[in-house]
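coords12.cif follows (mmCIF, C-alpha atoms):
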data_data
#
loop_
_atom_site.label_atom_id
_atom_site.label_comp_id
_atom_site.auth_asym_id
_atom_site.auth_seq_id
_atom_site.Cartn_x
_atom_site.Cartn_y
_atom_site.Cartn_z
CA MET A 1 33.83 15.55 -48.47
CA THR A 2 35.51 15.90 -45.12
CA THR A 3 33.66 19.12 -44.55
CA GLY A 4 30.34 17.39 -45.34
CA GLU A 5 31.00 14.60 -42.81
CA LYS A 6 31.85 17.13 -40.14
CA GLY A 7 28.59 18.90 -40.88
CA ASP A 8 26.54 15.69 -40.53
CA ALA A 9 28.27 14.77 -37.28
CA GLY A 10 27.48 18.20 -35.95
CA LYS A 11 23.81 17.80 -36.86
CA THR A 12 23.41 14.52 -34.97
CA LEU A 13 24.59 16.06 -31.71
CA ARG A 14 22.88 19.42 -32.05
CA ILE A 15 20.36 20.04 -29.26
CA GLY A 16 17.51 22.42 -29.88
CA VAL A 17 15.81 24.69 -27.37
CA LEU A 18 12.74 22.44 -27.39
CA ASP A 19 14.88 19.41 -26.52
CA ILE A 20 16.37 21.28 -23.57
CA VAL A 21 12.91 22.31 -22.41
CA ILE A 22 11.68 18.71 -22.60
CA ILE A 23 14.73 17.36 -20.77
CA VAL A 24 14.46 19.97 -18.03
CA ALA A 25 10.72 19.30 -17.67
CA VAL A 26 11.19 15.54 -17.40
CA ILE A 27 14.05 15.93 -14.90
CA ALA A 28 11.95 18.36 -12.84
CA LEU A 29 9.01 15.94 -12.91
CA ILE A 30 11.14 13.03 -11.72
CA VAL A 31 12.84 15.07 -8.99
CA VAL A 32 9.56 16.51 -7.70
CA ALA A 33 7.88 13.09 -7.72
CA LEU A 34 10.84 11.50 -5.92
CA VAL A 35 11.06 14.23 -3.30
CA ARG A 36 7.30 14.32 -2.88
CA TYR A 37 6.98 10.61 -2.20
CA THR A 38 10.22 9.87 -0.39
CA THR A 39 10.46 12.82 1.96
CA ASP A 40 8.15 14.95 3.99
CA ALA A 41 9.19 18.17 2.26
CA GLY A 42 6.73 20.79 3.41
CA TRP A 43 7.31 23.12 0.46
CA LEU A 44 5.85 20.51 -1.89
CA THR A 45 2.76 19.70 0.09
CA PRO A 46 -0.20 21.84 1.12
CA ASN A 47 -0.11 23.58 4.47
CA ARG A 48 -0.81 21.02 7.14
CA ASN A 49 -1.77 21.42 10.78
CA ASP A 50 -1.14 19.15 13.72
CA CYS A 51 -4.42 17.56 14.74
CA SER A 52 -5.60 14.90 17.10
CA ILE A 53 -8.18 12.41 15.92
CA SER A 54 -10.25 10.59 18.51
CA PHE A 55 -11.61 7.25 17.39
CA THR A 56 -13.29 4.07 18.52
CA VAL A 57 -13.00 0.54 17.18
CA SER A 58 -16.03 -1.60 18.01
CA GLY A 59 -16.15 -5.30 18.79
CA LEU A 60 -12.45 -6.09 18.68
CA ARG A 61 -11.29 -9.41 20.08
CA TYR A 62 -9.69 -8.68 23.44
CA THR A 63 -6.31 -10.16 22.46
CA ALA A 64 -5.99 -7.67 19.60
CA PHE A 65 -5.51 -4.80 22.02
CA ASP A 66 -2.09 -6.12 23.03
CA THR A 67 -0.87 -5.69 19.45
CA LEU A 68 -1.50 -1.93 19.52
CA GLN A 69 1.43 0.12 20.70
CA LYS A 70 1.69 3.80 21.51
CA GLY A 71 3.90 5.53 18.96
CA GLU A 72 2.97 3.19 16.11
CA THR A 73 2.17 4.70 12.73
CA VAL A 74 -1.42 4.28 11.57
CA TYR A 75 -2.03 3.86 7.84
CA LEU A 76 -5.15 4.01 5.74
CA GLU A 77 -6.03 1.08 3.51
CA SER A 78 -4.35 2.93 0.63
CA GLY A 79 -1.06 2.94 2.54
CA GLU A 80 -1.20 6.64 3.35
CA ALA A 81 0.10 7.34 6.84
CA ILE A 82 -2.34 9.42 8.85
CA GLY A 83 -0.49 9.75 12.12
CA ILE A 84 0.88 8.20 15.26
CA LEU A 85 -1.16 6.30 17.80
CA ASN A 86 -0.92 8.49 20.88
CA GLU A 87 -3.40 6.95 23.30
CA ALA A 88 -5.38 3.73 23.41
CA GLY A 89 -7.70 2.19 25.96
CA PHE A 90 -10.59 -0.20 25.96
CA THR A 91 -13.90 -1.03 27.58
CA PRO A 92 -15.98 -4.20 27.29
CA ALA A 93 -17.81 -4.11 23.98
CA LEU A 94 -21.28 -2.65 24.08
CA PHE A 95 -24.39 -4.36 22.84
CA TYR A 96 -28.06 -3.58 23.16
CA ALA A 97 -30.65 -5.87 24.71
CA ALA A 98 -34.28 -5.77 25.82
CA GLY A 99 -34.66 -5.15 29.55
CA ALA A 100 -37.31 -6.60 31.88
CA ASP A 101 -39.78 -3.93 30.82
CA GLY A 102 -39.00 -4.42 27.15
CA ALA A 103 -37.02 -1.22 26.87
CA ILE A 104 -33.68 -1.32 25.08
CA ILE A 105 -30.76 -1.17 27.49
CA ASP A 106 -26.98 -1.05 27.16
CA ALA A 107 -25.18 -4.24 28.09
CA HIS A 108 -21.50 -5.13 27.93
CA TYR A 109 -19.69 -8.24 26.83
CA PRO A 110 -18.01 -10.20 29.63
CA GLU A 111 -14.27 -9.96 30.24
CA ASN A 112 -11.94 -11.65 27.78
CA THR A 113 -14.39 -11.59 24.93
CA LEU A 114 -14.97 -8.49 22.82
CA ILE A 115 -13.84 -4.96 23.56
CA ASP A 116 -14.39 -1.46 22.21
CA VAL A 117 -11.09 0.35 21.75
CA ASN A 118 -10.86 4.09 22.00
CA GLY A 119 -7.80 6.16 21.25
CA VAL A 120 -6.19 9.23 19.80
CA ILE A 121 -4.06 9.57 16.68
CA ILE A 122 -1.82 12.60 16.27
CA GLY A 123 -1.16 13.61 12.68
CA LYS A 124 -0.78 16.45 10.20
CA PHE A 125 -3.82 17.28 8.10
CA VAL A 126 -4.74 19.77 5.45
CA SER A 127 -7.24 22.24 6.84
CA ASN A 128 -9.65 24.33 4.78
CA ASN A 129 -13.22 25.61 4.93
CA ASN A 130 -14.55 22.11 4.32
CA GLY A 131 -12.72 20.58 7.26
CA TYR A 132 -9.66 18.39 7.66
CA PHE A 133 -8.24 16.20 4.92
CA THR A 134 -5.27 13.91 4.50
CA VAL A 135 -2.71 14.97 1.89
CA ASN A 136 -4.36 12.52 -0.50
CA GLY A 137 -7.76 14.13 0.10
CA VAL A 138 -9.46 11.71 2.50
CA HIS A 139 -11.98 13.65 4.62
CA ILE A 140 -11.38 13.28 8.34
CA CYS A 141 -14.36 14.28 10.48
CA PRO A 142 -16.60 12.86 13.20
CA GLY A 143 -18.87 10.16 11.83
CA VAL A 144 -16.42 8.97 9.18
CA THR A 145 -15.48 5.29 9.20
CA LEU A 146 -12.01 4.46 7.88
CA LYS A 147 -10.36 1.14 7.16
CA ALA A 148 -6.91 1.50 8.65
CA HIS A 149 -4.06 -0.57 9.94
CA THR A 150 -0.91 -0.54 11.97
CA ARG A 151 1.96 -2.77 10.98
CA THR A 152 0.37 -5.86 12.52
CA THR A 153 -3.27 -5.04 13.16
CA ASP A 154 -6.27 -4.19 10.97
CA LEU A 155 -8.70 -1.65 12.39
CA VAL A 156 -11.98 -0.05 11.37
CA LEU A 157 -11.80 3.44 12.87
CA ASN A 158 -14.96 5.34 13.75
CA ILE A 159 -13.85 8.96 14.01
CA THR A 160 -15.47 10.68 16.98
CA ALA A 161 -13.62 14.00 17.13
CA VAL A 162 -10.99 16.03 15.28
CA ALA A 163 -9.26 18.92 16.97
CA PRO A 164 -6.14 21.02 16.53
CA SER A 165 -3.41 19.36 18.49
CA ALA A 166 -2.06 20.89 21.68
CA THR A 167 1.41 19.82 20.55
CA ASN A 168 1.30 22.41 17.73
CA MET U 1 36.71 27.64 -78.64
CA ASN U 2 37.18 29.27 -75.29
CA GLU U 3 33.48 29.98 -75.10
CA LEU U 4 32.72 26.30 -75.82
CA LYS U 5 35.19 25.25 -73.12
CA ASN U 6 33.70 27.71 -70.65
CA SER U 7 30.24 26.45 -71.44
CA THR U 8 31.28 22.83 -70.88
CA ASP U 9 32.98 23.73 -67.55
CA SER U 10 29.87 25.58 -66.42
CA ASP U 11 27.60 22.60 -67.26
CA SER U 12 29.96 20.31 -65.44
CA ARG U 13 29.89 22.52 -62.29
CA VAL U 14 26.11 22.68 -62.39
CA GLY U 15 25.96 18.90 -62.67
CA GLN U 16 28.34 18.52 -59.74
CA ARG U 17 26.28 20.91 -57.63
CA ARG U 18 23.12 18.97 -58.45
CA LEU U 19 24.82 15.72 -57.53
CA GLN U 20 26.10 17.21 -54.27
CA LYS U 21 22.66 18.59 -53.47
CA ALA U 22 21.03 15.24 -54.17
CA GLY U 23 23.64 13.50 -52.01
CA ALA U 24 23.11 15.96 -49.17
CA GLU U 25 19.35 15.43 -49.31
CA THR U 26 19.80 11.67 -49.20
CA LYS U 27 22.11 12.02 -46.19
CA ARG U 28 19.67 14.38 -44.51
CA ALA U 29 16.88 11.88 -45.08
CA GLU U 30 19.07 9.16 -43.55
CA THR U 31 19.97 11.28 -40.53
CA ASN U 32 16.28 12.04 -39.94
CA HIS U 33 15.71 8.38 -39.04
CA ARG U 34 18.91 7.84 -37.04
CA PHE U 35 18.77 7.59 -33.25
CA ASN U 36 21.08 10.04 -31.66
CA ILE U 37 22.18 10.48 -28.08
CA LEU U 38 19.30 12.85 -27.41
CA ASP U 39 16.72 10.24 -28.39
CA VAL U 40 18.37 7.73 -26.08
CA ILE U 41 18.31 10.22 -23.20
CA LEU U 42 14.64 11.02 -23.80
CA ILE U 43 13.71 7.34 -23.99
CA LEU U 44 15.61 6.62 -20.77
CA MET U 45 13.85 9.52 -19.07
CA ALA U 46 10.46 8.34 -20.28
CA ILE U 47 11.21 4.85 -18.94
CA ALA U 48 12.33 6.35 -15.62
CA ALA U 49 9.15 8.41 -15.39
CA ILE U 50 6.93 5.38 -16.11
CA TRP U 51 8.89 3.28 -13.59
CA LEU U 52 8.48 6.01 -11.00
CA VAL U 53 4.72 6.23 -11.52
CA ILE U 54 4.40 2.45 -11.19
CA ALA U 55 6.63 2.49 -8.10
CA VAL U 56 4.57 5.19 -6.44
CA TYR U 57 1.12 3.83 -7.21
CA SER U 58 1.84 0.11 -7.08
CA PRO U 59 0.48 -1.59 -3.95
CA THR U 60 3.77 -3.45 -3.60
CA ARG U 61 6.75 -1.18 -3.18
CA ILE U 62 9.47 -1.38 -5.79
CA PHE U 63 12.10 0.66 -4.02
CA GLY U 64 12.89 1.55 -0.46
CA ASP U 65 12.21 -1.07 2.16
CA SER U 66 10.94 -3.85 -0.06
CA GLY U 67 10.64 -6.16 2.93
CA LYS U 68 12.85 -8.74 4.53
CA LYS U 69 11.83 -12.38 4.76
CA VAL U 70 10.87 -13.66 8.16
CA GLN U 71 9.28 -16.81 9.52
CA ILE U 72 6.04 -16.35 11.42
CA THR U 73 3.38 -18.48 13.00
CA TYR U 74 -0.15 -17.15 13.02
CA THR U 75 -3.50 -18.34 14.28
CA VAL U 76 -6.86 -17.98 12.58
CA GLU U 77 -10.08 -18.43 14.54
CA ILE U 78 -13.01 -19.89 12.65
CA ILE U 79 -16.24 -19.32 14.53
CA GLY U 80 -19.29 -21.55 14.81
CA VAL U 81 -18.44 -24.73 12.93
CA ASP U 82 -19.22 -28.41 13.34
CA PRO U 83 -16.68 -29.91 15.79
CA ALA U 84 -16.19 -32.87 13.46
CA LEU U 85 -14.46 -30.55 11.01
CA ALA U 86 -11.47 -30.34 13.32
CA GLY U 87 -10.55 -33.85 12.21
CA SER U 88 -10.30 -32.66 8.61
CA ILE U 89 -7.33 -30.47 9.43
CA ALA U 90 -4.02 -32.27 9.61
CA VAL U 91 -0.60 -31.09 10.69
CA GLY U 92 1.46 -30.44 7.56
CA ASP U 93 -1.52 -29.49 5.37
CA GLU U 94 -0.61 -26.85 2.82
CA VAL U 95 -2.94 -23.85 3.06
CA VAL U 96 -3.94 -21.57 0.19
CA ASN U 97 -6.14 -18.49 0.30
CA ALA U 98 -9.28 -17.73 -1.70
CA GLU U 99 -7.10 -16.69 -4.66
CA ASN U 100 -5.34 -20.07 -4.53
CA PHE U 101 -2.00 -18.65 -3.36
CA ASN U 102 -0.02 -20.55 -0.77
CA ILE U 103 -0.18 -18.82 2.61
CA GLY U 104 1.45 -21.38 4.87
CA ARG U 105 1.36 -24.82 6.41
CA VAL U 106 -0.58 -26.14 9.40
CA ILE U 107 1.82 -26.75 12.31
CA ALA U 108 -0.50 -27.93 15.08
CA GLU U 109 -3.69 -29.84 15.63
CA ALA U 110 -6.71 -27.54 15.32
CA GLU U 111 -7.68 -26.35 18.77
CA VAL U 112 -11.37 -26.70 19.55
CA ALA U 113 -12.79 -23.89 21.70
CA PRO U 114 -16.36 -23.33 22.85
CA TYR U 115 -18.51 -21.17 20.65
CA GLN U 116 -19.91 -18.79 23.24
CA ILE U 117 -23.16 -16.92 22.89
CA VAL U 118 -23.49 -13.72 24.86
CA SER U 119 -26.98 -12.62 25.82
CA TYR U 120 -28.78 -10.56 28.40
CA ASP U 121 -31.09 -12.20 30.93
CA PRO U 122 -33.74 -9.57 31.74
CA ALA U 123 -35.10 -11.55 34.71
CA ALA U 124 -31.71 -11.80 36.40
CA GLY U 125 -30.63 -8.43 35.06
CA GLU U 126 -27.24 -9.70 33.94
CA VAL U 127 -25.28 -10.67 30.89
CA ILE U 128 -24.89 -14.41 30.52
CA MET U 129 -22.52 -16.39 28.39
CA SER U 130 -23.42 -19.88 27.28
CA ASP U 131 -21.68 -22.42 25.09
CA HIS U 132 -23.39 -23.30 21.85
CA PRO U 133 -24.63 -26.90 22.09
CA ASP U 134 -23.63 -27.95 18.58
CA LEU U 135 -21.02 -25.57 17.23
CA VAL U 136 -17.44 -24.79 18.22
CA ASN U 137 -14.66 -22.41 17.29
CA LEU U 138 -11.56 -23.78 15.59
CA LEU U 139 -8.16 -22.23 16.17
CA ILE U 140 -5.82 -23.14 13.33
CA THR U 141 -2.13 -22.29 13.67
CA MET U 142 0.05 -22.05 10.59
CA SER U 143 3.64 -21.25 9.76
CA ALA U 144 4.76 -19.19 6.78
CA THR U 145 7.77 -17.38 5.42
CA VAL U 146 6.57 -13.85 4.81
CA SER U 147 7.94 -10.54 3.68
CA SER U 148 7.96 -7.95 6.42
CA ASP U 149 8.09 -4.17 6.14
CA ASP U 150 7.12 -1.19 8.26
CA VAL U 151 4.04 -0.15 6.29
CA ASN U 152 2.39 -3.36 5.17
CA GLY U 153 3.55 -5.62 7.98
CA TYR U 154 3.57 -9.30 7.06
CA ASN U 155 2.68 -10.43 3.55
CA VAL U 156 2.74 -13.85 1.94
CA SER U 157 1.82 -14.33 -1.72
CA GLY U 158 0.10 -10.94 -1.67
CA GLN U 159 -1.99 -11.89 1.38
CA ARG U 160 -1.55 -9.49 4.29
CA ILE U 161 -1.36 -11.32 7.60
CA ALA U 162 -2.60 -9.05 10.37
CA VAL U 163 -4.49 -9.39 13.62
CA GLY U 164 -8.16 -8.68 12.98
CA ARG U 165 -7.95 -9.48 9.27
CA ASN U 166 -10.33 -12.01 7.74
CA ILE U 167 -8.49 -14.77 5.92
CA THR U 168 -9.92 -17.64 3.91
CA LEU U 169 -8.13 -20.95 4.46
CA VAL U 170 -8.37 -23.67 1.85
CA MET U 171 -6.84 -27.08 2.56
CA SER U 172 -7.20 -30.47 0.95
CA ALA U 173 -10.09 -31.52 3.23
CA PHE U 174 -11.25 -28.28 4.80
CA GLU U 175 -12.20 -24.76 3.82
CA GLY U 176 -13.23 -21.93 6.08
CA ALA U 177 -12.86 -18.23 6.73
CA GLY U 178 -11.92 -16.62 10.00
CA GLN U 179 -10.11 -13.82 11.68
CA CYS U 180 -6.40 -13.78 12.42
CA ILE U 181 -6.11 -13.49 16.20
CA GLY U 182 -2.38 -13.71 16.80
CA ILE U 183 1.00 -13.53 15.09
CA ASN U 184 4.39 -14.57 16.38
CA GLU U 185 7.64 -13.89 14.64
CA VAL U 186 9.67 -17.06 15.05
CA GLY U 187 12.84 -16.34 16.98
CA ALA U 188 11.55 -13.00 18.21
CA THR U 189 12.60 -12.18 21.76
CA GLU U 190 9.06 -11.19 22.75
CA GLY U 191 5.99 -13.34 22.34
CA GLY U 192 3.81 -11.18 20.13
CA ALA U 193 4.73 -9.65 16.82
CA LYS U 194 4.79 -5.93 17.49
#
Take the structure from the file and write it as structure tokens.
Amino acid sequence: MTTGEKGDAGKTLRIGVLDIVIIVAVIALIVVALVRYTTDAGWLTPNRNDCSISFTVSGLRYTAFDTLQKGETVYLESGEAIGILNEAGFTPALFYAAGADGAIIDAHYPENTLIDVNGVIIGKFVSNNNGYFTVNGVHICPGVTLKAHTRTTDLVLNITAVAPSATN
Amino acid sequence: MNELKNSTDSDSRVGQRRLQKAGAETKRAETNHRFNILDVILILMAIAAIWLVIAVYSPTRIFGDSGKKVQITYTVEIIGVDPALAGSIAVGDEVVNAENFNIGRVIAEAEVAPYQIVSYDPAAGEVIMSDHPDLVNLLITMSATVSSDDVNGYNVSGQRIAVGRNITLVMSAFEGAGQCIGINEVGATEGGAK
């Protein structure tokens, strides 16, 4: 009887090879996911290159420019960080009007109204034959419009140029 | 006699073996349905994996910098409205957003600013700016206790408060949508929230 009890107790704690495989797989999954999303471990992410993205933001209220700071992180709407704001400037916002001869001409908003912001974001992007992508697969190329934000400001970025960064 | 005894002993042993076998099978059946430490570990791991997936893909962060609470004042500009509407906004009015979540309280009289129209005068060859004869802009300043973190900035009741963001304001006697044009963290050493 004692021998039988010992045998049953042994069975309840016996771990099979399959159990070990499952445990190891789950632990590996958790560790990889944690490392992947809490650090910038290069060995877990595709090869990325330093790039500079030139952009414009049209028709921003002039006071909004003061909230942009060089060195701030820029995020996409999804929360994915795409880089650091490296340069920013502005010009009076552009609009089109009919001139005296009826031809369309460029005109600019007066001071302290609307502005067009232009700037450069420095970030790391995945590069392949199809162009530059964020780690999450968002295509970054001239002509693309992206909803983005800094900590305090919402922006609609019109990408005008993407180039390998000189800081590489 | 001996043969009879031997036969009886043998039957008895067979019976005992059968009983033992039946007992062992019953115990085995019982142990098949018993949770052991391995099951607990696997369940805990499965829960951890699910929690991790939710934490990673949830719009609100579960771990890390979940956001400290800060007091802010922010101003929303509502463009091109009847000036009489300014009287519908009272200091102390509770404000909710389009989803009916509280996003603050009005802390100042609504400021009435001219609604300016920008156009190009082809005869004069210059851009002119004129005030709209009937409509004005309203600047409504509110105070709110918000969560603040590095990625999402300021959030109250799931509503992000950011310069340039369109926000719908619903009060007891007024409703309108406009753009946030300024944020100040109360007690901050500098004027603007950076």
Using the chain letters and numbering of this document, enumerate as an mmCIF file with C-alpha atoms, in the coordinates of the input the residues selected by the PyMOL selection byres ((chain U) within 8 of (chain A)).
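Heads up, here's the output in expr.cif:
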data_model
loop_
_atom_site.group_PDB
_atom_site.id
_atom_site.type_symbol
_atom_site.label_atom_id
_atom_site.label_comp_id
_atom_site.auth_asym_id
_atom_site.auth_seq_id
_atom_site.Cartn_x
_atom_site.Cartn_y
_atom_site.Cartn_z
ATOM 1 C CA THR U 31 19.970 11.280 -40.530
ATOM 2 C CA ASN U 36 21.080 10.040 -31.660
ATOM 3 C CA ILE U 37 22.180 10.480 -28.080
ATOM 4 C CA LEU U 38 19.300 12.850 -27.410
ATOM 5 C CA LEU U 42 14.640 11.020 -23.800
ATOM 6 C CA MET U 45 13.850 9.520 -19.070
ATOM 7 C CA ALA U 46 10.460 8.340 -20.280
ATOM 8 C CA ALA U 48 12.330 6.350 -15.620
ATOM 9 C CA ALA U 49 9.150 8.410 -15.390
ATOM 10 C CA LEU U 52 8.480 6.010 -11.000
ATOM 11 C CA VAL U 56 4.570 5.190 -6.440
ATOM 12 C CA VAL U 118 -23.490 -13.720 24.860
ATOM 13 C CA SER U 119 -26.980 -12.620 25.820
ATOM 14 C CA TYR U 120 -28.780 -10.560 28.400
ATOM 15 C CA PRO U 122 -33.740 -9.570 31.740
ATOM 16 C CA ALA U 123 -35.100 -11.550 34.710
ATOM 17 C CA GLY U 125 -30.630 -8.430 35.060
ATOM 18 C CA VAL U 127 -25.280 -10.670 30.890
ATOM 19 C CA MET U 129 -22.520 -16.390 28.390
ATOM 20 C CA ASP U 149 8.090 -4.170 6.140
ATOM 21 C CA ASP U 150 7.120 -1.190 8.260
ATOM 22 C CA VAL U 151 4.040 -0.150 6.290
ATOM 23 C CA ASN U 152 2.390 -3.360 5.170
ATOM 24 C CA GLY U 153 3.550 -5.620 7.980
ATOM 25 C CA TYR U 154 3.570 -9.300 7.060
ATOM 26 C CA ILE U 161 -1.360 -11.320 7.600
ATOM 27 C CA ALA U 162 -2.600 -9.050 10.370
ATOM 28 C CA VAL U 163 -4.490 -9.390 13.620
ATOM 29 C CA GLY U 164 -8.160 -8.680 12.980
ATOM 30 C CA ARG U 165 -7.950 -9.480 9.270
ATOM 31 C CA ILE U 181 -6.110 -13.490 16.200
ATOM 32 C CA GLY U 182 -2.380 -13.710 16.800
ATOM 33 C CA GLY U 192 3.810 -11.180 20.130
ATOM 34 C CA ALA U 193 4.730 -9.650 16.820
ATOM 35 C CA LYS U 194 4.790 -5.930 17.490
#
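Among the candidates A:Val144, A:Leu76, A:Gly59, A:Pro164, the one nearest to Asn112 of chain A when counting only C-alpha atoms is A:Gly59.
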Evaluate the PyMOL selection byres ((chain U and resi 80-82) around 10) on the structure here and hand back the selected residues as a PyMOL selection string. chain U and resi 77-79+83-86+112-116+132+134-138+176
Just give me the gap between atom CA of Leu157 of chain A and atom CA of Thr145 of chain A in Å, one decimal is fine. 5.5 Å
Reference answer for the PyMOL selection byres ((chain A and resi 84) around 8), as a ChimeraX atom specification: /A:70-74,82-83,85-86,121-123
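Note that the spacing between atom CA of Ser148 of chain U and atom CA of Gly178 of chain U amounts to 22.0 Å.
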Could you name the residues that touch Asn166 of chain U at 7 Å or less, counting all atoms listed in the file, but leaving out those on the same chain fewer than 5 positions away, as a count of residues only? 4
Atomic distance atom CA of Gly89 of chain A - atom CA of Phe55 of chain A, expressed in Å with one decimal: 10.7 Å
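All protein, DNA and RNA residues at most 6 Å from (-0.4, -30.2, 9.9) are Ala90, Val91, Gly92, Asp93, Val106, Ile107 and Ala108 of chain U, using only C-alpha atoms.
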With all atoms listed in the file as the atoms that count, which of A:Cys51, A:Val57, A:Ala163, A:Val138 lies nearest to Lys124 of chain A? A:Cys51
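Using all atoms listed in the file, the nearest neighbour of Ala161 of chain A within the list A:Ser54, A:Pro92, A:Glu87, A:Asn136 is A:Ser54.
With distances restricted to all atoms listed in the file, U:Ala110 is the closest residue to Gly87 of chain U from U:Met142, U:Ile50, U:Ala110, U:Leu44.
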Excluding Ile72 of chain U and residues on its chain fewer than 4 positions from it, collect all residues at most 6 Å away from it, counting all atoms listed in the file, and give them as a ChimeraX atom specification. /U:143-144,184-186
